[in-house]
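Undergrad: Have a peek at upload.txt (compact mmCIF, C-alpha atoms).
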```txt
# COMPACT_ATOMS: atom_id res chain seq x y z
CA MET A 28 -7.57 27.22 -58.76
CA GLY A 29 -9.88 24.57 -57.42
CA ARG A 30 -6.92 22.43 -56.32
CA ILE A 31 -5.42 25.38 -54.47
CA ALA A 32 -8.70 25.99 -52.68
CA TYR A 33 -8.93 22.33 -51.66
CA GLY A 34 -5.33 22.44 -50.45
CA LEU A 35 -5.97 25.55 -48.36
CA ALA A 36 -9.09 24.00 -46.93
CA ALA A 37 -7.14 20.89 -45.97
CA VAL A 38 -4.51 23.01 -44.23
CA VAL A 39 -7.21 24.94 -42.35
CA VAL A 40 -8.90 21.71 -41.26
CA LEU A 41 -5.54 20.27 -40.18
CA LEU A 42 -4.61 23.37 -38.19
CA GLY A 43 -8.06 23.44 -36.66
CA THR A 44 -7.78 19.82 -35.60
CA VAL A 45 -4.36 20.38 -34.06
CA SER A 46 -5.59 23.50 -32.26
CA LEU A 47 -8.60 21.65 -30.92
CA GLY A 48 -6.35 18.84 -29.70
CA MET A 49 -4.03 21.30 -27.96
CA TRP A 50 -7.00 23.04 -26.34
CA LEU A 51 -8.42 19.72 -25.15
CA LYS A 52 -5.04 18.66 -23.78
CA ALA A 53 -4.69 21.93 -21.87
CA TYR A 54 -8.26 21.66 -20.59
CA ALA A 55 -7.79 18.10 -19.44
CA ASP A 56 -4.17 18.39 -18.35
CA ASP A 57 -5.01 17.70 -14.72
CA VAL A 58 -6.29 14.21 -15.39
CA ASP A 59 -6.64 13.37 -11.72
CA ALA A 60 -8.95 16.34 -11.21
CA ALA A 61 -10.87 15.79 -14.43
CA GLN A 62 -11.42 12.11 -13.69
CA ARG A 63 -11.90 12.38 -9.94
CA PRO A 64 -14.55 10.17 -8.36
CA PHE A 65 -18.05 11.46 -7.74
CA VAL A 66 -17.95 11.92 -3.97
CA VAL A 67 -21.10 11.49 -1.88
CA GLU A 68 -20.61 12.72 1.68
CA ALA A 69 -22.55 12.13 4.88
CA ASP A 70 -22.13 12.53 8.62
CA VAL A 71 -22.32 9.76 11.19
CA GLY A 72 -25.77 8.19 11.22
CA GLN A 73 -26.72 9.65 7.85
CA PRO A 74 -26.90 7.39 4.77
CA ALA A 75 -24.78 8.26 1.73
CA ARG A 76 -26.18 6.93 -1.52
CA GLY A 77 -23.56 5.97 -4.09
CA ARG A 78 -24.21 4.70 -7.59
CA THR A 79 -24.55 1.06 -6.54
CA PHE A 80 -24.74 1.02 -2.75
CA VAL A 81 -25.74 2.98 0.33
CA ALA A 82 -23.41 3.30 3.32
CA THR A 83 -23.93 4.70 6.79
CA ALA A 84 -21.26 5.18 9.47
CA LEU A 85 -22.63 4.06 12.80
CA GLY A 86 -19.66 4.75 15.07
CA VAL A 87 -15.99 4.24 15.75
CA ARG A 88 -13.98 2.58 18.49
CA GLY A 89 -10.27 2.00 18.88
CA ALA A 90 -7.65 -0.35 20.24
CA GLY A 91 -3.94 -0.85 20.64
CA VAL A 92 -4.12 -4.55 19.81
CA LEU A 93 -6.45 -6.34 17.45
CA ARG A 94 -7.05 -10.08 17.77
CA ASP A 95 -7.94 -12.11 14.72
CA SER A 96 -7.97 -15.90 14.34
CA GLY A 97 -6.30 -16.20 17.75
CA LEU A 98 -3.36 -13.99 16.80
CA ASP A 99 -2.72 -10.59 18.37
CA HIS A 100 -1.76 -7.71 16.09
CA PRO A 101 -0.20 -4.75 17.89
CA THR A 102 0.20 -1.41 16.15
CA ASN A 103 2.72 1.43 16.22
CA GLY A 104 -0.23 3.81 15.90
CA VAL A 105 -3.81 3.07 16.83
CA TRP A 106 -6.40 0.69 15.44
CA LEU A 107 -9.61 2.44 14.47
CA ILE A 108 -12.62 0.18 14.05
CA VAL A 109 -15.46 1.76 12.13
CA LYS A 110 -18.95 0.29 12.30
CA VAL A 111 -20.91 0.70 9.08
CA ARG A 112 -24.23 -0.29 7.56
CA LEU A 113 -24.08 -1.28 3.91
CA LEU A 114 -26.85 -1.86 1.39
CA ALA A 115 -26.46 -2.93 -2.23
CA LEU A 116 -29.03 -1.24 -4.44
CA ASP A 117 -29.76 -3.25 -7.58
CA GLU A 118 -27.17 -5.98 -8.02
CA PRO A 119 -24.90 -8.09 -5.81
CA LEU A 120 -21.56 -6.39 -5.19
CA ASP A 121 -18.65 -6.26 -2.81
CA ILE A 122 -16.87 -3.26 -1.38
CA GLY A 123 -13.47 -3.34 -3.01
CA TYR A 124 -12.06 -0.18 -1.50
CA ALA A 125 -12.17 1.05 2.08
CA ALA A 126 -9.86 3.73 3.43
CA LEU A 127 -9.61 6.47 6.02
CA ARG A 128 -8.71 9.97 4.87
CA ASP A 129 -7.24 12.34 7.45
CA SER A 130 -7.51 16.11 7.57
CA ALA A 131 -4.16 16.46 5.75
CA GLY A 132 -5.43 14.35 2.84
CA ARG A 133 -3.39 11.26 3.67
CA VAL A 134 -5.11 7.97 2.91
CA TYR A 135 -4.91 4.78 4.98
CA VAL A 136 -6.40 1.70 3.32
CA ALA A 137 -8.15 -0.95 5.40
CA SER A 138 -5.54 -3.16 7.02
CA ASN A 139 -4.56 -6.41 5.32
CA ARG A 140 -3.06 -7.74 8.57
CA ILE A 141 -6.41 -9.24 9.55
CA ASN A 142 -9.45 -10.75 7.92
CA GLN A 143 -11.77 -7.94 6.91
CA PRO A 144 -15.23 -9.46 6.59
CA LEU A 145 -16.72 -6.45 4.81
CA VAL A 146 -13.95 -5.57 2.38
CA ARG A 147 -12.97 -7.48 -0.76
CA GLY A 148 -14.96 -10.66 -0.34
CA ARG A 149 -18.33 -10.13 1.31
CA ILE A 150 -21.01 -10.11 -1.35
CA LEU A 151 -23.79 -7.67 -0.54
CA GLN A 152 -27.17 -8.74 -1.85
CA PRO A 153 -29.67 -6.12 -3.03
CA ASN A 154 -32.02 -4.87 -0.34
CA LEU A 155 -30.36 -6.99 2.36
CA PRO A 156 -28.50 -4.47 4.54
CA VAL A 157 -25.62 -5.70 6.68
CA VAL A 158 -23.84 -4.17 9.66
CA GLY A 159 -20.21 -4.86 10.40
CA GLU A 160 -16.84 -3.33 11.16
CA ILE A 161 -13.75 -2.33 9.18
CA ALA A 162 -10.35 -1.91 10.85
CA PHE A 163 -7.76 0.69 9.93
CA GLU A 164 -4.31 1.43 11.27
CA VAL A 165 -3.31 5.10 11.53
CA PRO A 166 -0.74 7.20 13.39
CA ARG A 167 -2.11 8.50 16.68
CA GLU A 168 -1.69 12.13 15.61
CA ALA A 169 -3.76 11.50 12.46
CA ALA A 170 -6.72 10.01 14.28
CA GLY A 171 -8.37 13.25 15.32
CA SER A 172 -10.41 14.10 12.23
CA LEU A 173 -11.13 11.36 9.73
CA ALA A 174 -13.56 10.23 7.08
CA VAL A 175 -14.19 6.72 5.80
CA GLU A 176 -14.14 6.29 2.03
CA LEU A 177 -15.87 3.32 0.40
CA ALA A 178 -16.07 2.35 -3.26
CA GLU A 179 -16.87 -0.70 -5.28
CA LYS A 180 -13.64 -0.90 -7.29
CA SER A 181 -10.47 -1.96 -5.50
CA PHE A 182 -7.74 -0.12 -7.39
CA ASP A 183 -9.23 2.67 -9.43
CA GLN A 184 -12.01 4.82 -8.04
CA ARG A 185 -11.91 7.43 -10.82
CA MET A 186 -15.11 8.32 -12.65
CA ASP A 187 -17.28 6.31 -10.26
CA SER A 188 -19.08 7.16 -7.07
CA LEU A 189 -17.11 7.18 -3.84
CA VAL A 190 -18.90 7.37 -0.52
CA ARG A 191 -17.21 9.54 2.11
CA LEU A 192 -18.53 9.18 5.66
CA ARG A 193 -17.32 11.87 8.03
CA LEU A 194 -16.55 10.58 11.53
CA GLU A 195 -16.96 12.49 14.78
CA PRO A 196 -13.68 14.20 15.78
CA LEU A 197 -11.68 12.26 18.35
CA SER A 198 -9.77 13.94 21.18
CA PRO A 199 -6.10 13.03 21.74
CA ASP A 200 -7.01 11.63 25.18
CA VAL A 201 -9.48 9.22 23.65
CA VAL A 202 -7.04 8.14 20.94
CA HIS A 203 -4.17 7.59 23.37
CA GLY A 204 -6.48 5.73 25.74
CA TRP A 205 -7.41 3.32 22.97
CA ALA A 206 -3.83 2.94 21.72
CA ASP A 207 -2.43 2.24 25.18
CA ASP A 208 -5.12 -0.30 26.10
CA PRO A 209 -3.41 -3.72 26.26
CA GLU A 210 -6.72 -5.57 26.01
CA PRO A 211 -7.12 -6.95 22.45
CA ALA A 212 -10.20 -5.97 20.50
CA THR A 213 -11.93 -8.16 17.94
CA LEU A 214 -14.15 -7.20 15.04
CA MET A 215 -17.85 -7.88 15.46
CA ALA A 216 -19.43 -10.60 13.39
CA THR A 217 -21.10 -9.13 10.33
CA GLU A 218 -24.86 -9.43 10.62
CA LEU A 219 -27.93 -8.76 8.59
CA ALA A 220 -29.71 -5.57 9.58
CA VAL A 221 -33.25 -6.42 8.51
CA MET B 17 13.39 -5.10 -19.62
CA ALA B 18 16.25 -2.91 -20.78
CA VAL B 19 18.32 -3.62 -17.68
CA ILE B 20 18.05 -7.42 -17.95
CA PRO B 21 20.98 -7.84 -20.38
CA PHE B 22 23.13 -5.96 -17.89
CA GLY B 23 22.24 -8.13 -14.90
CA GLY B 24 19.05 -6.45 -13.72
CA TRP B 25 18.70 -3.93 -10.96
CA SER B 26 19.94 -6.45 -8.37
CA ALA B 27 23.41 -6.10 -9.77
CA ALA B 28 23.32 -2.33 -9.73
CA ALA B 29 26.19 -1.03 -7.65
CA ASP B 30 25.88 2.36 -9.31
CA GLY B 31 22.86 4.46 -10.09
CA PRO B 32 21.92 5.94 -13.45
CA THR B 33 23.79 9.14 -12.61
CA GLY B 34 26.88 7.69 -10.96
CA PRO B 35 27.97 5.84 -7.86
CA LEU B 36 25.27 5.35 -5.25
CA PRO B 37 25.66 6.74 -1.76
CA ARG B 38 26.98 4.18 0.70
CA LEU B 39 25.06 4.06 3.94
CA ALA B 40 25.89 2.32 7.19
CA VAL B 41 23.59 -0.13 8.93
CA ASP B 42 21.00 1.84 10.96
CA GLU B 43 21.50 4.91 8.75
CA VAL B 44 18.30 6.34 7.27
CA SER B 45 17.74 6.49 3.51
CA GLU B 46 15.38 9.40 2.98
CA GLY B 47 13.14 9.62 -0.05
CA GLY B 48 9.90 8.59 -1.63
CA PRO B 49 7.67 6.76 -1.43
CA TRP B 50 9.37 5.30 1.63
CA ARG B 51 12.03 6.09 4.19
CA ILE B 52 14.18 3.03 4.82
CA THR B 53 16.65 2.08 7.53
CA VAL B 54 18.41 -1.23 7.03
CA THR B 55 18.93 -2.59 10.53
CA GLY B 56 20.64 -5.95 10.06
CA GLY B 57 20.96 -9.29 8.36
CA ARG B 58 20.41 -12.90 9.45
CA LEU B 59 20.94 -16.38 8.10
CA LEU B 60 18.21 -18.80 9.18
CA ASP B 61 17.32 -22.42 8.67
CA ASP B 62 14.06 -23.10 6.92
CA GLN B 63 11.34 -22.84 9.55
CA PRO B 64 7.69 -21.81 9.79
CA PRO B 65 6.28 -19.44 8.81
CA LEU B 66 9.02 -19.34 6.17
CA ARG B 67 8.69 -22.20 3.74
CA ALA B 68 11.57 -22.99 1.41
CA THR B 69 11.14 -24.82 -1.87
CA ASP B 70 13.74 -27.28 -0.51
CA PRO B 71 13.71 -27.77 3.28
CA ASN B 72 17.50 -28.12 3.24
CA ASN B 73 17.85 -24.59 1.92
CA ARG B 74 18.44 -21.59 4.15
CA TRP B 75 17.17 -18.04 4.29
CA VAL B 76 19.07 -14.80 3.89
CA ILE B 77 17.09 -12.20 5.85
CA ILE B 78 17.46 -8.44 5.64
CA LEU B 79 15.74 -6.47 8.39
CA ALA B 80 14.67 -2.90 7.73
CA THR B 81 12.45 -0.22 9.18
CA VAL B 82 10.15 1.08 6.46
CA GLU B 83 8.01 4.21 6.73
CA VAL B 84 5.78 5.35 3.92
CA THR B 85 6.46 9.01 3.06
CA ALA B 86 3.86 9.10 0.31
CA ASP B 87 0.41 10.40 1.18
CA ALA B 88 -1.33 7.03 0.77
CA SER B 89 -0.81 3.44 1.89
CA ARG B 90 1.44 1.32 -0.27
CA GLY B 91 1.53 -2.37 -1.03
CA ASP B 92 4.68 -2.48 -3.12
CA ILE B 93 7.43 -2.58 -0.51
CA ALA B 94 8.84 -5.72 -2.12
CA ASP B 95 10.26 -3.25 -4.65
CA ALA B 96 12.29 -1.48 -1.97
CA LEU B 97 15.31 -3.76 -1.48
CA ARG B 98 17.53 -6.05 -3.50
CA ILE B 99 20.67 -7.91 -2.46
CA SER B 100 23.86 -8.73 -4.31
CA GLY B 101 27.00 -10.66 -3.50
CA VAL B 102 25.13 -13.83 -2.51
CA GLU B 103 25.44 -17.02 -4.53
CA GLY B 104 22.77 -19.65 -4.95
CA LEU B 105 19.67 -17.54 -4.47
CA VAL B 106 16.50 -19.29 -5.63
CA SER B 107 15.16 -15.91 -6.76
CA ALA B 108 17.98 -13.68 -7.87
CA ASP B 109 15.92 -10.52 -7.93
CA ALA B 110 12.81 -9.92 -5.82
CA PRO B 111 12.67 -11.36 -2.31
CA ASP B 112 10.81 -14.64 -1.91
CA THR B 113 8.94 -13.28 1.09
CA VAL B 114 8.33 -9.85 2.60
CA ALA B 115 6.64 -9.75 5.98
CA LEU B 116 6.08 -7.69 9.10
CA VAL B 117 8.34 -8.79 11.96
CA SER B 118 5.56 -8.24 14.51
CA ASP B 119 3.04 -10.77 13.20
CA PHE B 120 4.46 -12.08 9.91
CA THR B 121 1.79 -10.51 7.75
CA VAL B 122 3.14 -11.20 4.27
CA TYR B 123 3.24 -8.44 1.68
CA PRO B 124 1.60 -5.99 4.08
CA SER B 125 0.15 -2.65 3.14
CA LEU B 126 2.18 0.01 4.94
CA HIS B 127 0.64 3.31 5.87
CA PRO B 128 1.85 6.94 5.86
CA GLY B 129 3.70 7.91 9.00
CA LEU B 130 3.61 4.43 10.53
CA PRO B 131 7.13 2.93 10.55
CA GLU B 132 7.23 -0.87 10.57
CA SER B 133 9.97 -3.42 11.06
CA VAL B 134 9.95 -5.53 7.92
CA LEU B 135 11.89 -8.64 6.92
CA PHE B 136 12.92 -9.30 3.35
CA ALA B 137 13.76 -12.98 2.83
CA TRP B 138 15.64 -14.70 0.00
CA GLU B 139 15.90 -18.48 -0.14
CA GLN B 140 19.47 -19.70 -0.67
CA SER B 141 20.59 -23.12 -1.86
CA ALA B 142 22.12 -25.29 0.86
CA THR B 143 25.10 -25.98 -1.39
CA ALA B 144 25.97 -22.30 -1.91
CA PRO B 145 28.69 -20.56 0.12
CA VAL B 146 27.49 -19.11 3.43
CA PRO B 147 27.33 -15.31 3.14
CA THR B 148 28.96 -13.25 5.86
CA GLU B 149 27.90 -9.90 4.42
CA VAL B 150 25.74 -8.70 1.56
CA ASP B 151 25.25 -5.48 -0.32
CA VAL B 152 21.68 -4.24 0.02
CA THR B 153 20.52 -1.79 -2.64
CA ILE B 154 17.71 0.54 -1.59
CA PHE B 155 15.30 1.59 -4.33
CA GLY B 156 12.96 4.55 -4.49
CA LYS B 157 10.38 5.88 -6.90
CA THR B 158 9.43 9.28 -8.28
CA LEU B 159 6.00 10.88 -8.13
CA ARG B 160 5.17 12.16 -11.59
CA ARG B 161 2.45 12.16 -14.21
CA ASP B 162 2.11 8.88 -16.08
CA SER B 163 2.82 9.67 -19.74
CA LEU B 164 0.10 7.25 -20.83
CA THR B 165 -2.76 8.06 -18.43
CA GLY B 166 -1.74 11.53 -17.25
CA SER B 167 -2.42 10.68 -13.62
CA GLN B 168 0.05 11.20 -10.77
CA GLN B 169 1.79 7.96 -9.85
CA TRP B 170 4.95 6.72 -8.15
CA LEU B 171 7.05 5.55 -11.10
CA ASP B 172 10.63 5.22 -12.28
CA ARG B 173 11.87 2.75 -9.69
CA ALA B 174 15.59 3.41 -9.31
CA PRO B 175 18.40 2.55 -6.87
CA ARG B 176 19.27 5.32 -4.43
CA ALA B 177 21.72 3.86 -1.87
CA VAL B 178 23.73 0.78 -0.96
CA VAL B 179 24.27 -0.66 2.51
CA ARG B 180 26.84 -3.36 3.28
CA VAL B 181 25.16 -5.54 5.88
CA PRO B 182 26.87 -8.16 8.08
CA ILE B 183 24.93 -11.43 8.14
CA ILE B 184 24.55 -12.99 11.59
CA ASP B 185 24.32 -16.77 11.30
CA ARG B 186 21.39 -17.92 13.43
CA ARG B 187 21.07 -21.40 11.96
CA GLY B 188 20.59 -24.14 14.50
CA GLN B 189 19.11 -21.78 17.11
```
The structure in this file should be written as structure tokens.
TA:
Amino acid sequence: MGRIAYGLAAVVVLLGTVSLGMWLKAYADDVDAAQRPFVVEADVGQPARGRTFVATALGVRGAGVLRDSGLDHPTNGVWLIVKVRLLALDEPLDIGYAALRDSAGRVYVASNRINQPLVRGRILQPNLPVVGEIAFEVPREAAGSLAVELAEKSFDQRMDSLVRLRLEPLSPDVVHGWADDPEPATLMATELAV
Amino acid sequence: MAVIPFGGWSAAADGPTGPLPRLAVDEVSEGGPWRITVTGGRLLDDQPPLRATDPNNRWVIILATVEVTADASRGDIADALRISGVEGLVSADAPDTVALVSDFTVYPSLHPGLPESVLFAWEQSATAPVPTEVDVTIFGKTLRRDSLTGSQQWLDRAPRAVVRVPIIDRRGQ
């Protein structure tokens, strides 16, 4: 009798474990939603405090041609150059991920056609804020309503803080004016903001 | 790994479900995560910014317009094309160089809705026969949940079309 009771108990425990696993799988089926980054949003001029750094969008300008190291880089869309202030909080770090997100949810990572002094390489020291620019290439029609996204990790932003800085909307006239300007733009030199 | 004993994807004239569609030069191959139009082929001497492992070697160049149809920038366009029917390639599979035609940015990130003219370059031994045409296989990927992580990713790289491309010999120019 005792062996039968133990056997039944084992079956109940097994079924319970399987049921719990199935429930957990159903609950967490949308992994991308369950593991989405912790987004911290701010408007232009307002600081957004992430887990390890603080970022502030200071403004945006545009161009049809970007000059870097003496070489001109034209675009089939428009170059958007976002000026930001960055501050590491407790430890040295670099910004591994920078992208623009448009109103349709499409994501444009910072261009690798030029040297990006603030992305993937510049070490931010704690309590030493820097100001600099990040360049993105986007289609003209996508440039109207954008937000800059910044994170510490390059490839996987899940389960960590992601700073989203909303930019002022841009009119089509402004965007086309920038895109059609033949005068090359250059990124500003990154500078300390102390 | 499973395709290696059968010659790898570069030798794929047919897809997993049968013969691949044959496209003409300048005909668009629609799909994800990129839309591709093969626009031509060239044969070039070694010259900057290309840099052959042997300066006597030559370059087989495939030109294509690539537009990302996915909703985020991509840095894997080297996966998009393979060539077959060419002897003496230094790298028989992936191109030795992928670059933007406009400024020769190598392995560029391409962005949604921004078509770019891209060159795919394979180094060819100087002693190999000169190609007059090559078969270019266009590959795509499928957006699905990764069975390991559960997250949405572009996976299952597979051939989706073949283009026979005449090679214009521009050596000595």
Undergrad: Could you build a table of the residues in chain A lying no more than 6 Å from chain B, giving for each the nearest pair of atoms and their separation in Å rounded to one decimal place, using all atoms listed in the file, ordered by chain and ascending residue number, as a Markdown table?
TA:
```
| residue | atom | partner | partner_atom | distance |
| --- | --- | --- | --- | --- |
| A:Val58 | CA | B:Ser167 | CA | 5.5 |
| A:Asp59 | CA | B:Ser167 | CA | 5.4 |
| A:Arg133 | CA | B:Asp87 | CA | 4.6 |
| A:Val134 | CA | B:Ala88 | CA | 4.4 |
| A:Tyr135 | CA | B:Ser89 | CA | 5.3 |
| A:Arg140 | CA | B:Thr121 | CA | 5.6 |
| A:Pro166 | CA | B:Leu130 | CA | 5.9 |
```
Undergrad: Give as a list in words the set of residues within 9 Å of the point (15.7, -25.5, 2.6), where distances use the file's coordinates and only C-alpha atoms.
TA: Asp61, Asp62, Gln63, Arg67, Ala68, Thr69, Asp70, Pro71, Asn72, Asn73, Arg74, Trp75, Glu139, Gln140, Ser141 and Ala142 of chain B
Undergrad: Determine the nearest neighbour of Val81 of chain A from the options A:Leu214, A:Ala162, A:Val67, A:Leu113, counting all atoms listed in the file.
TA: A:Leu113
Undergrad: Give me the residues within 8 Å of segment 105-107 of chain B as a count of residues only, counting all atoms listed in the file and dropping any in the same chain fewer than 2 places off.
TA: 10
Undergrad: Could you jot down the atom CA of Glu68 of chain A to atom CA of Ala174 of chain A separation for me, Å, one decimal place?
TA: 9.2 Å
Undergrad: As an MDAnalysis selection string, please: the residues near Gln184 of chain A (cut-off 8 Å, all atoms listed in the file, same-chain neighbours under 5 positions excluded).
TA: chainID A and resid 63:64 178:179 189
Undergrad: Using the selection just defined, write its residues with C-alpha atoms as an mmCIF file, keeping the file's coordinate frame.
TA:
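Listing of again.cif after writing:
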```cif
data_model
loop_
_atom_site.group_PDB
_atom_site.id
_atom_site.type_symbol
_atom_site.label_atom_id
_atom_site.label_comp_id
_atom_site.auth_asym_id
_atom_site.auth_seq_id
_atom_site.Cartn_x
_atom_site.Cartn_y
_atom_site.Cartn_z
ATOM 1 C CA ARG A 63 -11.900 12.380 -9.940
ATOM 2 C CA PRO A 64 -14.550 10.170 -8.360
ATOM 3 C CA ALA A 178 -16.070 2.350 -3.260
ATOM 4 C CA GLU A 179 -16.870 -0.700 -5.280
ATOM 5 C CA LEU A 189 -17.110 7.180 -3.840
#
```
Undergrad: Using Å and a single decimal, report how far atom CA of Arg167 of chain A sits from atom CA of Val111 of chain A.
TA: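 Spanning atom CA of Val111 of chain A to atom CA of Arg167 of chain A is a straight-line distance of 21.7 Å.
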Undergrad: Using atom CA of Leu97 of chain B and atom CA of Arg51 of chain B as the two end points, give the distance in Å to one decimal.
TA: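 According to the coordinates, atom CA of Leu97 of chain B and atom CA of Arg51 of chain B are separated by 11.8 Å.
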Undergrad: Rank nothing, just name the residue among B:Arg38, B:Arg180, B:Arg58, B:Arg186 nearest to Val152 of chain B, using all atoms listed in the file.
TA: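 Of all the options, B:Arg180 lies closest to Val152 of chain B.
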Undergrad: Can you list, as a PyMOL selection string, every protein, DNA or RNA residue that comes within 10 Å of Gly123 of chain A when you count only C-alpha atoms, leaving out same-chain residues fewer than 6 positions away?
TA: chain A and resi 145-149+177-184
Undergrad: Pick from A:Thr44, A:Ser172, A:Thr79, A:Gln62: nearest to Ser130 of chain A, with all atoms listed in the file counted?
TA: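 Smallest distance to Ser130 of chain A is found for A:Ser172.
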Undergrad: Smallest atom-to-atom distance to Gly204 of chain A: which of A:Gly72, A:Gly89, A:Gly132, A:Gly171, using all atoms listed in the file?
TA: A:Gly89
Undergrad: For the point (-5.0, -10.3, 20.6) in file coordinates, what residues are within 12 Å, counting all atoms listed in the file? Give the answer as a list in words?
TA: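 In the file's frame, the residues around the point are Ala90, Gly91, Val92, Leu93, Arg94, Asp95, Ser96, Gly97, Leu98, Asp99, His100, Pro101, Thr102, Ile141, Asp208, Pro209, Glu210, Pro211, Ala212, Thr213 and Leu214 of chain A; Asp119 of chain B.
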Undergrad: Taking 4 positions as the minimum chain separation for residues in the same chain, which residues sit within 7 Å of Val136 of chain A when counting all atoms listed in the file? Answer as a PyMOL selection string.
TA: (chain A and resi 125-127+163) or (chain B and resi 89)
